$ cat entry_12.cif   # mmCIF, C-alpha atoms
data_model
loop_
_atom_site.label_atom_id
_atom_site.label_comp_id
_atom_site.auth_asym_id
_atom_site.auth_seq_id
_atom_site.Cartn_x
_atom_site.Cartn_y
_atom_site.Cartn_z
CA MET A 1 0.00 0.00 0.00
CA SER A 2 1.43 3.37 -0.95
CA ARG A 3 2.21 5.96 1.72
CA THR A 4 -0.38 8.36 0.28
CA LEU A 5 -3.09 5.69 0.48
CA GLN A 6 -2.09 4.84 4.06
CA VAL A 7 -2.46 8.49 5.09
CA LYS A 8 -5.84 8.90 3.34
CA MET A 9 -7.35 5.60 4.55
CA PRO A 10 -8.15 6.54 8.19
CA SER A 11 -9.76 9.79 7.08
CA ILE A 12 -11.84 8.01 4.44
CA GLU A 13 -12.90 5.32 6.88
CA ASN A 14 -14.07 7.95 9.38
CA ASP A 15 -15.90 9.93 6.71
CA LEU A 16 -17.42 6.73 5.36
CA LEU A 17 -18.70 5.70 8.78
CA ALA A 18 -20.19 9.18 9.29
CA CYS A 19 -22.18 9.12 6.04
CA LEU A 20 -23.11 5.42 6.08
CA PRO A 21 -26.70 5.98 7.34
CA ASP A 22 -27.30 8.52 4.56
CA LEU A 23 -25.84 6.16 1.96
CA ARG A 24 -28.10 3.36 3.17
CA ALA A 25 -31.17 5.61 3.08
CA TYR A 26 -30.37 6.78 -0.45
CA ALA A 27 -29.69 3.23 -1.63
CA ARG A 28 -33.01 2.12 -0.14
CA SER A 29 -34.85 4.87 -2.01
CA LEU A 30 -33.19 3.83 -5.26
CA THR A 31 -33.64 0.07 -4.98
CA ARG A 32 -36.92 -0.06 -3.01
CA ASN A 33 -35.61 -3.21 -1.38
CA LYS A 34 -33.63 -3.55 1.86
CA HIS A 35 -31.47 -6.43 0.65
CA ASP A 36 -30.66 -4.81 -2.70
CA ALA A 37 -29.91 -1.55 -0.87
CA ASP A 38 -27.48 -3.33 1.45
CA ASP A 39 -25.80 -4.98 -1.55
CA LEU A 40 -25.57 -1.63 -3.33
CA VAL A 41 -24.02 0.09 -0.31
CA GLN A 42 -21.56 -2.76 0.14
CA ASP A 43 -20.52 -2.61 -3.52
CA ALA A 44 -20.16 1.16 -3.34
CA ILE A 45 -18.05 0.96 -0.18
CA VAL A 46 -15.72 -1.57 -1.80
CA ARG A 47 -15.42 0.73 -4.79
CA MET A 48 -14.72 3.74 -2.51
CA LEU A 49 -12.03 1.90 -0.60
CA ASN A 50 -10.44 0.69 -3.83
CA SER A 51 -10.55 4.26 -5.18
CA ALA A 52 -9.32 5.92 -1.99
CA ASP A 53 -6.26 7.25 -3.81
CA ARG A 54 -8.57 9.24 -6.13
CA TYR A 55 -10.33 11.07 -3.32
CA GLN A 56 -9.08 14.63 -2.90
CA PRO A 57 -8.82 15.56 0.82
CA GLY A 58 -10.59 18.80 1.59
CA THR A 59 -13.37 18.18 -0.92
CA ASN A 60 -16.86 17.06 0.06
CA PHE A 61 -16.53 13.36 0.89
CA LYS A 62 -20.29 12.88 1.10
CA ALA A 63 -20.80 14.13 -2.46
CA TRP A 64 -17.99 11.86 -3.68
CA ALA A 65 -19.54 8.86 -1.87
CA PHE A 66 -23.03 9.58 -3.22
CA THR A 67 -21.64 9.87 -6.74
CA ILE A 68 -20.01 6.45 -6.48
CA LEU A 69 -23.16 4.89 -5.01
CA ARG A 70 -25.38 6.41 -7.71
CA ASN A 71 -23.04 5.34 -10.51
CA ARG A 72 -22.88 1.83 -9.08
CA PHE A 73 -26.68 1.73 -8.99
CA LEU A 74 -26.98 2.95 -12.57
CA ASN A 75 -24.37 0.50 -13.84
CA GLU A 76 -25.41 -2.65 -12.00
CA PHE A 77 -28.84 -2.47 -10.45
CA VAL A 78 -30.74 -0.87 -13.31
CA ALA A 79 -29.35 -3.53 -15.67
CA LYS A 80 -30.33 -6.24 -13.18
CA ARG A 81 -33.82 -4.76 -12.78
CA ARG A 82 -34.41 -4.99 -16.53
CA LEU A 83 -33.90 -8.73 -16.27
CA THR A 84 -36.48 -9.15 -13.51
CA ARG A 85 -40.20 -8.51 -13.66
CA GLU A 86 -41.73 -6.01 -11.26
CA MET A 87 -45.06 -6.77 -9.62
CA ASP A 88 -47.99 -4.58 -10.54
CA ASP A 89 -50.17 -2.92 -7.86
CA GLY A 90 -52.72 -5.75 -7.88
CA GLU A 91 -50.04 -8.33 -7.18
CA MET A 92 -48.54 -6.17 -4.43
CA GLU A 93 -51.90 -5.97 -2.65
CA ARG A 94 -52.07 -9.76 -2.52
CA VAL A 95 -48.65 -10.09 -0.86
CA PRO A 96 -49.16 -10.81 2.83
CA VAL A 97 -47.76 -8.22 5.22
CA SER A 98 -47.53 -8.24 8.97
CA ALA A 99 -49.85 -6.03 11.00
CA ARG A 100 -48.60 -2.54 11.84
CA GLN A 101 -49.48 -0.10 14.54
CA GLU A 102 -51.56 3.00 13.72
CA GLU A 103 -48.58 5.33 13.96
CA GLY A 104 -46.80 3.55 11.11
CA LEU A 105 -49.70 3.77 8.67
CA GLU A 106 -48.98 7.30 7.52
CA LEU A 107 -45.34 6.52 6.86
CA SER A 108 -46.15 3.30 4.99
CA ASP A 109 -48.77 5.15 2.91
CA PHE A 110 -46.22 7.84 2.09
CA GLN A 111 -43.59 5.24 1.15
CA ARG A 112 -46.04 3.42 -1.10
CA ILE A 113 -46.95 6.69 -2.84
CA PHE A 114 -43.30 7.79 -2.99
CA HIS A 115 -42.37 4.56 -4.76
CA ARG A 116 -45.03 5.23 -7.40
CA LEU A 117 -42.91 8.18 -8.54
CA PRO A 118 -40.62 7.62 -11.52
CA GLU A 119 -37.08 6.62 -10.56
CA ASP A 120 -35.57 10.01 -11.45
CA HIS A 121 -38.05 11.81 -9.17
CA ARG A 122 -37.40 9.43 -6.27
CA SER A 123 -33.67 9.77 -6.73
CA ILE A 124 -33.58 13.58 -6.71
CA LEU A 125 -35.91 13.84 -3.70
CA ALA A 126 -33.87 11.28 -1.78
CA LEU A 127 -30.66 13.16 -2.55
CA ILE A 128 -32.08 16.50 -1.44
CA ALA A 129 -34.23 15.43 1.52
CA GLY A 130 -32.42 12.30 2.62
CA SER A 131 -28.76 13.21 2.30
CA GLY A 132 -28.76 16.77 3.50
CA LEU A 133 -26.48 17.71 0.62
CA PRO A 134 -26.80 21.28 -0.69
CA TYR A 135 -27.97 21.80 -4.27
CA GLU A 136 -24.40 22.50 -5.42
CA ASP A 137 -23.16 19.11 -4.18
CA VAL A 138 -26.17 17.30 -5.64
CA ALA A 139 -25.36 18.99 -8.96
CA ARG A 140 -21.83 17.57 -8.72
CA VAL A 141 -23.21 14.09 -7.90
CA LEU A 142 -25.52 14.22 -10.91
CA ASN A 143 -22.98 16.01 -13.10
CA CYS A 144 -25.37 18.80 -14.07
CA ALA A 145 -26.05 22.48 -13.36
CA VAL A 146 -27.54 23.68 -10.06
CA GLY A 147 -30.51 25.11 -11.95
CA THR A 148 -31.17 21.68 -13.43
CA VAL A 149 -31.21 20.18 -9.94
CA LYS A 150 -33.67 22.83 -8.74
CA SER A 151 -36.02 22.26 -11.67
CA ARG A 152 -35.84 18.47 -11.22
CA VAL A 153 -36.65 18.87 -7.52
CA HIS A 154 -39.58 21.13 -8.38
CA ARG A 155 -40.98 18.64 -10.91
CA ALA A 156 -40.50 15.75 -8.48
CA ARG A 157 -42.20 17.59 -5.62
CA THR A 158 -45.08 18.59 -7.88
CA ALA A 159 -45.53 14.97 -8.97
CA LEU A 160 -45.34 13.75 -5.36
CA PHE A 161 -47.90 16.26 -4.13
CA ALA A 162 -50.21 15.34 -7.04
CA LEU A 163 -49.98 11.65 -6.07
CA LEU A 164 -50.63 12.50 -2.41
CA GLU A 165 -53.67 14.58 -3.33
CA GLU A 166 -54.93 11.85 -5.64
CA GLU A 167 -54.54 9.30 -2.86
CA GLN A 168 -56.33 11.45 -0.31
CA SER A 169 -59.22 12.26 -2.64
CA SER A 170 -59.75 8.63 -3.64
CA GLN A 171 -59.94 7.19 -0.12
CA PRO A 172 -62.22 8.04 2.78
CA VAL A 173 -60.03 9.46 5.53
CA SER A 174 -60.36 8.28 9.10
CA PRO A 175 -59.72 11.16 11.51
CA HIS A 176 -57.21 9.01 13.41
CA ARG A 177 -55.35 7.67 10.40
CA PHE A 178 -53.51 10.73 9.16
CA HIS A 179 -52.32 12.42 12.30
CA ARG A 180 -49.22 14.57 12.21
CA SER A 181 -46.40 13.07 14.12
CA SER A 182 -43.11 14.89 14.52
CA SER A 183 -41.35 12.46 12.17
CA SER A 184 -43.92 12.85 9.38
CA ALA A 185 -43.89 16.62 9.81
CA ASP A 186 -40.11 16.58 9.56
CA THR A 187 -40.28 14.51 6.37
CA ARG A 188 -42.80 16.89 4.83
CA GLN A 189 -40.67 19.87 5.82
CA ARG A 190 -37.52 18.43 4.23
CA LEU A 191 -39.39 17.69 1.00
CA ALA A 192 -40.97 21.13 0.93
CA SER A 193 -37.69 23.00 1.43
#

$ encode --input "entry_12.cif" --output "structure tokens"
Amino acid sequence: MSRTLQVKMPSIENDLLACLPDLRAYARSLTRNKHDADDLVQDAIVRMLNSADRYQPGTNFKAWAFTILRNRFLNEFVAKRRLTREMDDGEMERVPVSARQEEGLELSDFQRIFHRLPEDHRSILALIAGSGLPYEDVARVLNCAVGTVKSRVHRARTALFALLEEEQSSQPVSPHRFHRSSSSADTRQRLAS
């Protein structure tokens, strides 16, 4: 191992550990599957560690890590997804699920609606709301202009709010079902900002 790599490695490991929860959350939003998300994060971490000599100290490690994870997803998981068949909504409703408490219903409803968004909308919202990265860093991750990121976020939020409104208008609402918890309010706030 070269001296430069030995010096960079502890810093990268610390930075990697610090952003691991955000990487897992972003991977989960991309793959929509816990096991695939874990595989994606693992593959991205291996790639980061193998590319540690390419990381420039002093730059935004989180943006670098998200770029590697996103590229790994685009290269491997999208190709794999094309080979597998996705279930339609009718099939998903027939899949047995364990009972949940009332407080989790709103979050599960939101997740179901969120996953109805096109992949590019889910990805941009997860990067902005889930990672905490500023627009400039997201632009670097996506290799596009900041204005492009802002317009993509606007289109994704508009589509999400349309799906939420559609969902609420099509179902009778129980007064106890959609209560505002602090976690759901926080999620809405992050998406709205």

$ closest_residue --input "entry_12.cif" --among "A:Leu20, A:Val146, A:Ala159, A:Val153" --to "Leu125 (chain A)" --atoms "only C-alpha atoms"
A:Val153

$ closest_residue --input "entry_12.cif" --among "A:Glu13, A:Leu163, A:Leu40, A:Val149" --to "Leu133 (chain A)" --atoms "all atoms listed in the file"
A:Val149

$ axis_aligned_box --input "entry_12.cif" --around "region 38-56 of chain A" --padding-each-side "5 Å" --output "JSON"
{"center_x": -16.9, "center_y": 4.8, "center_z": -2.3, "size_x": 31.2, "size_y": 29.6, "size_z": 17.6}

$ atom_distance --input "entry_12.cif" --atom1 "CA of Ala44 (chain A)" --atom2 "CA of Ala126 (chain A)"
17.1 Å

$ closest_residue --input "entry_12.cif" --among "A:His115, A:Leu74, A:Phe110, A:Leu160" --to "Leu142 (chain A)" --atoms "only C-alpha atoms"
A:Leu74

$ residues_around --input "entry_12.cif" --residues "region 58-68 of chain A" --least-positions-apart "6" --cutoff "10 Å" --atoms "only C-alpha atoms" --output "CSV table (one decimal) with C-alpha atoms, keeping the file's coordinate frame"
chain,number,residue,atom,x,y,z
A,11,SER,CA,-9.8,9.8,7.1
A,12,ILE,CA,-11.8,8.0,4.4
A,15,ASP,CA,-15.9,9.9,6.7
A,16,LEU,CA,-17.4,6.7,5.4
A,18,ALA,CA,-20.2,9.2,9.3
A,19,CYS,CA,-22.2,9.1,6.0
A,20,LEU,CA,-23.1,5.4,6.1
A,22,ASP,CA,-27.3,8.5,4.6
A,23,LEU,CA,-25.8,6.2,2.0
A,26,TYR,CA,-30.4,6.8,-0.4
A,27,ALA,CA,-29.7,3.2,-1.6
A,41,VAL,CA,-24.0,0.1,-0.3
A,43,ASP,CA,-20.5,-2.6,-3.5
A,44,ALA,CA,-20.2,1.2,-3.3
A,45,ILE,CA,-18.0,1.0,-0.2
A,47,ARG,CA,-15.4,0.7,-4.8
A,48,MET,CA,-14.7,3.7,-2.5
A,51,SER,CA,-10.6,4.3,-5.2
A,74,LEU,CA,-27.0,3.0,-12.6
A,127,LEU,CA,-30.7,13.2,-2.6
A,131,SER,CA,-28.8,13.2,2.3
A,132,GLY,CA,-28.8,16.8,3.5
A,133,LEU,CA,-26.5,17.7,0.6
A,134,PRO,CA,-26.8,21.3,-0.7
A,136,GLU,CA,-24.4,22.5,-5.4
A,137,ASP,CA,-23.2,19.1,-4.2
A,138,VAL,CA,-26.2,17.3,-5.6
A,139,ALA,CA,-25.4,19.0,-9.0
A,140,ARG,CA,-21.8,17.6,-8.7
A,141,VAL,CA,-23.2,14.1,-7.9
A,142,LEU,CA,-25.5,14.2,-10.9
A,143,ASN,CA,-23.0,16.0,-13.1

$ atom_distance --input "entry_12.cif" --atom1 "CA of Ser123 (chain A)" --atom2 "CA of Ser29 (chain A)"
6.9 Å

$ atom_distance --input "entry_12.cif" --atom1 "CA of Asp38 (chain A)" --atom2 "CA of Ile113 (chain A)"
22.3 Å
